[in-house]
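Here is structure.txt, consisting of compact mmCIF, C-alpha atoms:
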```txt
# COMPACT_ATOMS: atom_id res chain seq x y z
CA MET I 263 -14.05 5.51 7.65
CA TYR I 264 -10.27 5.62 7.35
CA ASP I 265 -7.41 4.90 9.75
CA ARG I 266 -4.56 6.92 8.30
CA ILE I 267 -3.99 9.82 5.88
CA ILE I 268 -0.96 10.02 3.61
CA ARG I 269 -0.41 13.27 1.69
CA SER I 270 1.96 13.45 -1.26
CA LYS I 271 2.53 15.11 -4.63
CA ARG I 272 -0.12 12.89 -6.23
CA LYS I 273 -2.86 14.67 -8.18
CA THR I 274 -5.79 12.42 -7.32
CA LEU I 275 -7.47 11.11 -4.18
CA GLY I 276 -7.22 7.42 -3.40
CA LEU I 277 -8.28 4.77 -0.91
CA GLU I 278 -6.30 1.67 0.03
CA VAL I 279 -7.48 -1.21 2.19
CA ARG I 280 -4.54 -3.23 3.48
CA GLU I 281 -4.50 -6.92 4.36
CA ASN I 282 -5.11 -6.11 8.04
CA ALA I 283 -8.24 -4.07 7.11
CA GLU I 284 -6.42 -0.78 7.75
CA VAL I 285 -7.86 1.94 5.50
CA ILE I 286 -5.45 4.53 4.10
CA LEU I 287 -6.69 7.74 2.52
CA ARG I 288 -4.17 9.13 0.04
CA LEU I 289 -4.42 12.82 -0.74
CA PRO I 290 -2.68 15.55 -2.72
CA TRP I 291 -1.05 18.14 -0.49
CA ARG I 292 -3.71 20.76 -1.28
CA ALA I 293 -6.81 18.58 -1.34
CA ARG I 294 -9.89 20.55 -0.38
CA GLU I 295 -12.11 19.36 2.46
CA SER I 296 -15.19 19.48 0.23
CA ASP I 297 -13.49 17.26 -2.37
CA ILE I 298 -12.42 14.79 0.33
CA LYS I 299 -15.95 14.49 1.71
CA ARG I 300 -17.39 14.02 -1.78
CA PHE I 301 -14.79 11.37 -2.59
CA LEU I 302 -15.50 9.44 0.62
CA ARG I 303 -19.25 9.50 0.03
CA LYS I 304 -18.79 8.28 -3.53
CA ASN I 305 -16.62 5.35 -2.44
CA ALA I 306 -18.37 4.45 0.82
CA GLU I 307 -20.06 1.32 -0.54
CA TRP I 308 -16.89 0.07 -2.24
CA LEU I 309 -14.96 0.63 0.97
CA GLU I 310 -17.43 -1.36 3.05
CA ARG I 311 -17.32 -4.26 0.59
CA ALA I 312 -13.52 -4.25 0.55
CA LYS I 313 -13.27 -4.24 4.35
CA LYS I 314 -15.92 -6.96 4.68
CA LYS I 315 -14.04 -9.15 2.21
CA ILE I 316 -10.79 -8.82 4.15
CA LEU I 317 -12.43 -9.40 7.53
CA GLU I 318 -14.15 -12.53 6.19
CA ARG I 319 -10.82 -13.74 4.82
CA GLN I 320 -9.20 -13.24 8.23
CA LYS I 321 -11.80 -15.51 9.82
CA ASN I 322 -10.53 -18.37 7.67
CA ILE I 323 -6.93 -18.13 8.85
CA PRO I 324 -6.07 -21.51 10.38
CA GLU I 325 -4.99 -21.54 14.00
CA LEU I 326 -1.50 -22.81 14.69
CA GLU I 327 -0.64 -25.42 17.26
CA PHE I 328 2.52 -24.95 19.30
CA ARG I 329 3.35 -28.48 20.35
CA LYS I 330 6.88 -29.67 19.60
CA GLU I 331 5.61 -32.02 16.91
CA ALA I 332 3.35 -29.40 15.28
CA TYR I 333 4.37 -27.64 12.08
CA VAL I 334 4.81 -23.86 12.13
CA PRO I 335 5.68 -21.34 9.37
CA TYR I 336 9.14 -19.88 8.85
CA LEU I 337 10.52 -18.09 5.77
CA GLY I 338 7.68 -19.29 3.58
CA ALA I 339 7.85 -22.99 4.53
CA SER I 340 6.62 -25.21 7.38
CA TYR I 341 8.83 -26.91 9.97
CA PRO I 342 8.25 -28.97 13.12
CA LEU I 343 8.47 -26.59 16.06
CA LYS I 344 11.08 -28.79 17.76
CA CYS I 345 13.39 -28.45 14.73
CA LEU I 346 13.36 -24.68 14.94
CA LEU I 347 13.71 -24.15 18.67
CA HIS I 348 16.32 -26.89 19.19
CA GLU I 349 15.25 -26.98 22.82
CA LYS I 350 12.70 -28.82 24.90
CA LYS I 351 10.27 -25.94 24.59
CA GLU I 352 6.83 -25.57 23.12
CA GLY I 353 4.03 -23.04 23.21
CA LYS I 354 3.22 -19.79 21.48
CA GLU I 355 5.39 -17.58 23.71
CA ALA I 356 8.51 -19.64 23.06
CA PHE I 357 7.87 -19.59 19.30
CA VAL I 358 7.24 -15.84 19.17
CA ALA I 359 10.38 -15.13 21.22
CA TRP I 360 12.38 -17.24 18.78
CA LEU I 361 10.80 -15.50 15.79
CA LYS I 362 11.78 -12.09 17.15
CA LYS I 363 15.40 -13.17 17.56
CA GLU I 364 15.40 -14.56 14.03
CA ALA I 365 13.81 -11.39 12.68
CA LYS I 366 16.52 -9.30 14.31
CA ARG I 367 19.30 -11.49 12.92
CA ILE I 368 17.90 -11.72 9.40
CA CYS I 369 16.77 -8.11 9.08
CA GLU I 370 20.11 -6.77 10.28
CA SER I 371 21.87 -8.92 7.70
CA ARG I 372 19.57 -7.91 4.84
CA VAL I 373 19.63 -4.23 5.81
CA ALA I 374 23.43 -4.30 5.70
CA LEU I 375 23.23 -5.82 2.21
CA TYR I 376 20.75 -3.32 0.75
CA ALA I 377 22.13 -0.30 2.59
CA GLY I 378 25.49 -1.19 1.07
CA LYS I 379 23.94 -1.31 -2.40
CA ALA I 380 22.24 2.04 -1.81
CA GLU I 381 25.41 3.54 -0.32
CA VAL I 382 23.47 4.80 2.68
CA GLU I 383 23.98 4.28 6.40
CA CYS I 384 21.46 2.65 8.71
CA THR I 385 22.08 3.48 12.37
CA GLY I 386 20.03 0.65 13.85
CA VAL I 387 17.41 -2.05 13.32
CA ARG I 388 14.51 -2.64 15.69
CA ILE I 389 11.96 -5.46 15.68
CA SER I 390 8.35 -4.79 16.67
CA SER I 391 5.07 -6.63 17.11
CA ALA I 392 3.30 -4.25 14.73
CA LYS I 393 0.16 -5.60 13.12
CA LYS I 394 -0.53 -2.76 10.68
CA ARG I 395 2.94 -2.14 9.25
CA TRP I 396 5.63 -4.36 7.82
CA GLY I 397 8.32 -1.78 8.32
CA SER I 398 9.03 1.88 9.01
CA CYS I 399 11.86 4.38 8.82
CA ALA I 400 12.58 6.67 11.76
CA SER I 401 15.10 9.45 12.23
CA PRO I 402 18.01 9.43 12.33
CA GLY I 403 18.51 6.47 10.02
CA ARG I 404 16.84 3.77 12.12
CA LEU I 405 14.64 1.09 10.60
CA CYS I 406 11.93 -0.98 12.24
CA PHE I 407 10.40 -4.26 11.02
CA ALA I 408 7.51 -6.44 12.18
CA TYR I 409 8.73 -9.82 13.40
CA ARG I 410 5.94 -11.43 11.36
CA LEU I 411 8.04 -10.83 8.24
CA VAL I 412 10.11 -13.94 8.96
CA LEU I 413 6.98 -16.00 8.32
CA ALA I 414 7.15 -14.85 4.68
CA PRO I 415 9.57 -16.11 2.02
CA LEU I 416 12.95 -14.40 2.15
CA TRP I 417 12.42 -12.75 -1.25
CA VAL I 418 9.33 -11.00 0.16
CA LEU I 419 11.18 -9.92 3.30
CA ASP I 420 13.94 -8.56 1.06
CA TYR I 421 11.44 -6.31 -0.69
CA VAL I 422 10.31 -4.77 2.60
CA VAL I 423 13.94 -4.23 3.59
CA ALA I 424 14.76 -2.61 0.24
CA HIS I 425 11.62 -0.47 0.62
CA GLU I 426 12.63 0.86 4.03
CA VAL I 427 16.28 1.32 3.04
CA SER I 428 15.04 3.48 0.16
CA HIS I 429 13.24 5.64 2.72
CA LEU I 430 16.62 6.51 4.19
CA LEU I 431 17.13 8.48 0.98
CA HIS I 432 13.59 9.50 0.09
CA LYS I 433 11.03 10.08 2.84
CA ASN I 434 7.95 10.00 0.60
CA HIS I 435 6.62 7.58 -2.02
CA GLY I 436 7.41 9.75 -5.02
CA LYS I 437 8.93 8.73 -8.34
CA ARG I 438 12.52 8.93 -7.08
CA PHE I 439 11.65 6.67 -4.17
CA TRP I 440 10.13 3.93 -6.34
CA LYS I 441 13.00 4.23 -8.79
CA LYS I 442 15.43 3.54 -5.95
CA VAL I 443 13.33 0.56 -4.80
CA GLU I 444 13.42 -0.81 -8.34
CA VAL I 445 17.19 -0.38 -8.54
CA LEU I 446 17.66 -2.21 -5.24
CA TYR I 447 15.01 -4.83 -5.86
CA PRO I 448 13.93 -5.09 -9.53
CA LYS I 449 11.08 -7.56 -8.89
CA TYR I 450 9.52 -5.49 -6.11
CA LYS I 451 6.07 -5.55 -7.77
CA ASN I 452 5.93 -9.34 -7.43
CA ALA I 453 6.66 -9.08 -3.72
CA ARG I 454 4.06 -6.33 -3.25
CA THR I 455 1.47 -8.52 -4.94
CA TRP I 456 2.44 -11.48 -2.74
CA LEU I 457 2.01 -9.39 0.41
CA HIS I 458 -1.32 -8.06 -0.78
CA THR I 459 -2.56 -11.59 -1.50
CA HIS I 460 -0.99 -13.57 1.36
CA GLY I 461 -0.02 -11.00 3.98
CA HIS I 462 -3.08 -11.76 6.09
CA LEU I 463 -1.68 -15.26 6.68
CA LEU I 464 1.49 -13.95 8.31
CA ASN I 465 0.14 -14.14 11.82
CA VAL I 466 0.77 -16.20 14.91
CA VAL I 467 -2.73 -16.81 16.26
```
structure tokens encoding of this file:
Amino acid sequence: MYDRIIRSKRKTLGLEVRENAEVILRLPWRARESDIKRFLRKNAEWLERAKKKILERQKNIPELEFRKEAYVPYLGASYPLKCLLHEKKEGKEAFVAWLKKEAKRICESRVALYAGKAEVECTGVRISSAKKRWGSCASPGRLCFAYRLVLAPLWVLDYVVAHEVSHLLHKNHGKRFWKKVEVLYPKYKNARTWLHTHGHLLNVV
């Protein structure tokens, strides 16, 4: 029924269905098993409707073409593939390889910017092909980002970077964490809403 559990200082139980249909169960640290089972039963129908809606939406994602003359997404806009690669290459593999290089370059630059603002050190940036996470923070001080982020507008990518940089200081999603995110990126709620609404389109299929 759920894919991942996140425990925190919250006082209530919660369910979240992300744009990739991943279901997150959010719990207080001392949530009782009986309360969890009751909560899941109560919300079972809602959860099925939410997942069905997202899966139906994913079916309507247009397939990209990877010919040199075809248009592909990059930083929230569309460009002819040949203008991005600057080489006589075409095809999905060539485009994805280029995206990963761009993601590494851009994320390293933006991490340096926001880590500087937060006065915290990041020891490295890694790019992944993750489909369920936009970013993550690993010890000691390393950040990881999904290459798909460079399909989004830069202001959305910046939110994810600010989010993960904040995790270098606060490992959970408590009040101090979100306060730091807001200090680093005041309009973070707009970016979160954009990802919730459009994140399912950030795919190379």
Can you check which parts of region 311-375 of chain I lie within 9 Å of region 418-437 of chain I? Per residue, the shortest pair of atoms and distance in Å to one decimal, counting all atoms listed in the file, sorted by chain and number, as a Markdown table.
```
| residue | atom | partner | partner_atom | distance |
| --- | --- | --- | --- | --- |
| I:Leu337 | CA | I:Leu419 | CA | 8.6 |
| I:Cys369 | CA | I:Val423 | CA | 7.3 |
| I:Arg372 | CA | I:Asp420 | CA | 6.8 |
| I:Val373 | CA | I:Val423 | CA | 6.1 |
```
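The residue that comes closest to Pro335 (chain I), out of I:Leu317, I:Ile389, I:Leu361, I:Cys399 and on the basis of all atoms listed in the file, is I:Leu361.
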Choose the residue, out of I:Lys330, I:Arg410, I:Lys379, I:Lys351, that has the smallest atom-to-atom separation from Val443 (chain I); count all atoms listed in the file.
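For Val443 (chain I), the nearest of the candidates is I:Lys379.
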Counting only C-alpha atoms, which residues of region 264-382 of chain I fall within 12 Å of region 448-467 of chain I, and what is the closest atom pair for each with its distance in Å at one decimal, ordered by chain and rising number, as CSV?
```
residue,atom,partner,partner_atom,distance
I:Glu278,CA,I:His458,CA,11.0
I:Val279,CA,I:His458,CA,9.7
I:Arg280,CA,I:His458,CA,7.2
I:Glu281,CA,I:His462,CA,5.3
I:Asn282,CA,I:His462,CA,6.3
I:Ala283,CA,I:His462,CA,9.3
I:Glu284,CA,I:His462,CA,11.6
I:Lys315,CA,I:His462,CA,11.9
I:Ile316,CA,I:His462,CA,8.5
I:Leu317,CA,I:His462,CA,9.8
I:Glu318,CA,I:His462,CA,11.1
I:Arg319,CA,I:His462,CA,8.1
I:Gln320,CA,I:His462,CA,6.7
I:Lys321,CA,I:His462,CA,10.2
I:Asn322,CA,I:Leu463,CA,9.4
I:Ile323,CA,I:Leu463,CA,6.4
I:Pro324,CA,I:Val467,CA,8.2
I:Glu325,CA,I:Val467,CA,5.7
I:Leu326,CA,I:Val467,CA,6.3
I:Glu327,CA,I:Val467,CA,8.9
I:Phe328,CA,I:Val466,CA,9.9
I:Val334,CA,I:Val466,CA,9.1
I:Pro335,CA,I:Leu464,CA,8.6
I:Tyr336,CA,I:Leu464,CA,9.7
I:Leu337,CA,I:Leu464,CA,10.3
I:Gly338,CA,I:Leu464,CA,9.4
I:Ala339,CA,I:Leu464,CA,11.7
I:Gly353,CA,I:Val466,CA,11.2
I:Lys354,CA,I:Val466,CA,7.9
I:Glu355,CA,I:Val466,CA,10.0
I:Ala356,CA,I:Val466,CA,11.8
I:Phe357,CA,I:Val466,CA,9.0
I:Val358,CA,I:Val466,CA,7.8
I:Ala359,CA,I:Val466,CA,11.5
I:Leu361,CA,I:Val466,CA,10.1
I:Lys362,CA,I:Val466,CA,12.0
```
Given the selection you just returned, output its residues as a file containing C-alpha atoms, formatted as a CSV table (one decimal), keeping the file's coordinate frame.
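Full text of selection00.csv as output:
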```
chain,number,residue,atom,x,y,z
I,278,GLU,CA,-6.3,1.7,0.0
I,279,VAL,CA,-7.5,-1.2,2.2
I,280,ARG,CA,-4.5,-3.2,3.5
I,281,GLU,CA,-4.5,-6.9,4.4
I,282,ASN,CA,-5.1,-6.1,8.0
I,283,ALA,CA,-8.2,-4.1,7.1
I,284,GLU,CA,-6.4,-0.8,7.8
I,315,LYS,CA,-14.0,-9.2,2.2
I,316,ILE,CA,-10.8,-8.8,4.2
I,317,LEU,CA,-12.4,-9.4,7.5
I,318,GLU,CA,-14.2,-12.5,6.2
I,319,ARG,CA,-10.8,-13.7,4.8
I,320,GLN,CA,-9.2,-13.2,8.2
I,321,LYS,CA,-11.8,-15.5,9.8
I,322,ASN,CA,-10.5,-18.4,7.7
I,323,ILE,CA,-6.9,-18.1,8.8
I,324,PRO,CA,-6.1,-21.5,10.4
I,325,GLU,CA,-5.0,-21.5,14.0
I,326,LEU,CA,-1.5,-22.8,14.7
I,327,GLU,CA,-0.6,-25.4,17.3
I,328,PHE,CA,2.5,-25.0,19.3
I,334,VAL,CA,4.8,-23.9,12.1
I,335,PRO,CA,5.7,-21.3,9.4
I,336,TYR,CA,9.1,-19.9,8.8
I,337,LEU,CA,10.5,-18.1,5.8
I,338,GLY,CA,7.7,-19.3,3.6
I,339,ALA,CA,7.8,-23.0,4.5
I,353,GLY,CA,4.0,-23.0,23.2
I,354,LYS,CA,3.2,-19.8,21.5
I,355,GLU,CA,5.4,-17.6,23.7
I,356,ALA,CA,8.5,-19.6,23.1
I,357,PHE,CA,7.9,-19.6,19.3
I,358,VAL,CA,7.2,-15.8,19.2
I,359,ALA,CA,10.4,-15.1,21.2
I,361,LEU,CA,10.8,-15.5,15.8
I,362,LYS,CA,11.8,-12.1,17.2
```
Spatial neighbours of Leu302 (chain I), max dist 12 Å, only C-alpha atoms, sep filter under 4 positions, as a ChimeraX atom specification:
/I:263-264,275-277,285-289,295-298,306-310
Atom pair CA of Trp440 (chain I) / CA of Tyr376 (chain I): separation (Å):
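About the pair CA of Trp440 (chain I) and CA of Tyr376 (chain I): they are 14.7 Å apart.
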Of the residues I:Ala293, I:Leu343, I:Leu416, I:Arg311, which is the one nearest to Ser371 (chain I), using only C-alpha atoms?
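For Ser371 (chain I), the nearest of the candidates is I:Leu416.
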Between CA of Lys299 (chain I) and CA of Lys314 (chain I) - distance in Å to one decimal:
21.7 Å
Measure the distance from CA of Ile268 (chain I) to CA of Ala414 (chain I) in Å and round it to one decimal.
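Atom-to-atom, CA of Ile268 (chain I) to CA of Ala414 (chain I), that is 26.2 Å.
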Need the axis-aligned box for region 411-419 of chain I with 4 Å each side, so what are the centre and edges in Å to one decimal, as JSON?
```
{"center_x": 10.0, "center_y": -13.0, "center_z": 3.9, "size_x": 14.0, "size_y": 14.2, "size_z": 18.2}
```
For each of I:Leu411, I:Ile267, I:Leu405, I:Ala374, take the minimum atom-to-atom distance to Gly386 (chain I), counting only C-alpha atoms, then give the residue where this is smallest.
I:Leu405
Generate the coordinates of N, CA and C atoms for region 394-423 of chain I; report them as a short mmCIF file (atom, residue, chain, number, x, y, z; two decimals), keeping the file's coordinate frame.
```cif
data_model
loop_
_atom_site.label_atom_id
_atom_site.label_comp_id
_atom_site.auth_asym_id
_atom_site.auth_seq_id
_atom_site.Cartn_x
_atom_site.Cartn_y
_atom_site.Cartn_z
N LYS I 394 -0.04 -3.56 11.81
CA LYS I 394 -0.53 -2.76 10.68
C LYS I 394 0.57 -2.35 9.72
N ARG I 395 1.84 -2.54 10.12
CA ARG I 395 2.94 -2.14 9.25
C ARG I 395 3.98 -3.25 9.17
N TRP I 396 4.54 -3.41 7.98
CA TRP I 396 5.63 -4.36 7.82
C TRP I 396 6.96 -3.73 8.21
N GLY I 397 7.08 -2.46 7.99
CA GLY I 397 8.32 -1.78 8.32
C GLY I 397 8.12 -0.28 8.39
N SER I 398 9.09 0.42 8.95
CA SER I 398 9.03 1.88 9.01
C SER I 398 10.44 2.43 9.12
N CYS I 399 10.57 3.70 8.78
CA CYS I 399 11.86 4.38 8.82
C CYS I 399 11.74 5.55 9.77
N ALA I 400 12.61 5.59 10.78
CA ALA I 400 12.58 6.67 11.76
C ALA I 400 13.91 7.41 11.73
N SER I 401 13.87 8.65 12.17
CA SER I 401 15.10 9.45 12.23
C SER I 401 15.84 9.15 13.52
N PRO I 402 17.16 9.22 13.52
CA PRO I 402 18.01 9.43 12.33
C PRO I 402 18.53 8.10 11.80
N GLY I 403 17.99 7.65 10.71
CA GLY I 403 18.51 6.47 10.02
C GLY I 403 18.21 5.13 10.65
N ARG I 404 17.18 5.04 11.50
CA ARG I 404 16.84 3.77 12.12
C ARG I 404 15.65 3.14 11.41
N LEU I 405 15.71 1.82 11.26
CA LEU I 405 14.64 1.09 10.60
C LEU I 405 13.97 0.13 11.58
N CYS I 406 12.68 -0.08 11.38
CA CYS I 406 11.93 -0.98 12.24
C CYS I 406 11.15 -1.96 11.37
N PHE I 407 11.10 -3.24 11.78
CA PHE I 407 10.40 -4.26 11.02
C PHE I 407 9.54 -5.11 11.95
N ALA I 408 8.39 -5.54 11.43
CA ALA I 408 7.51 -6.44 12.18
C ALA I 408 8.11 -7.84 12.17
N TYR I 409 8.14 -8.48 13.32
CA TYR I 409 8.73 -9.82 13.40
C TYR I 409 8.01 -10.81 12.50
N ARG I 410 6.74 -10.53 12.19
CA ARG I 410 5.94 -11.43 11.36
C ARG I 410 6.54 -11.63 9.97
N LEU I 411 7.43 -10.72 9.57
CA LEU I 411 8.04 -10.83 8.24
C LEU I 411 8.80 -12.14 8.05
N VAL I 412 9.34 -12.71 9.12
CA VAL I 412 10.11 -13.94 8.96
C VAL I 412 9.20 -15.16 8.73
N LEU I 413 7.90 -14.94 8.72
CA LEU I 413 6.98 -16.00 8.32
C LEU I 413 6.88 -16.06 6.79
N ALA I 414 7.23 -14.96 6.14
CA ALA I 414 7.15 -14.85 4.68
C ALA I 414 8.41 -15.41 4.02
N PRO I 415 8.35 -15.71 2.73
CA PRO I 415 9.57 -16.11 2.02
C PRO I 415 10.62 -15.00 2.09
N LEU I 416 11.88 -15.38 2.03
CA LEU I 416 12.95 -14.40 2.15
C LEU I 416 12.88 -13.34 1.06
N TRP I 417 12.47 -13.74 -0.16
CA TRP I 417 12.42 -12.75 -1.25
C TRP I 417 11.36 -11.68 -1.00
N VAL I 418 10.34 -12.00 -0.21
CA VAL I 418 9.33 -11.00 0.16
C VAL I 418 9.89 -10.10 1.27
N LEU I 419 10.54 -10.70 2.25
CA LEU I 419 11.18 -9.92 3.30
C LEU I 419 12.20 -8.95 2.70
N ASP I 420 12.94 -9.41 1.71
CA ASP I 420 13.94 -8.56 1.06
C ASP I 420 13.31 -7.33 0.44
N TYR I 421 12.12 -7.48 -0.12
CA TYR I 421 11.44 -6.31 -0.69
C TYR I 421 11.16 -5.27 0.38
N VAL I 422 10.63 -5.71 1.52
CA VAL I 422 10.31 -4.77 2.60
C VAL I 422 11.58 -4.08 3.08
N VAL I 423 12.67 -4.82 3.19
CA VAL I 423 13.94 -4.23 3.59
C VAL I 423 14.40 -3.19 2.57
#
```
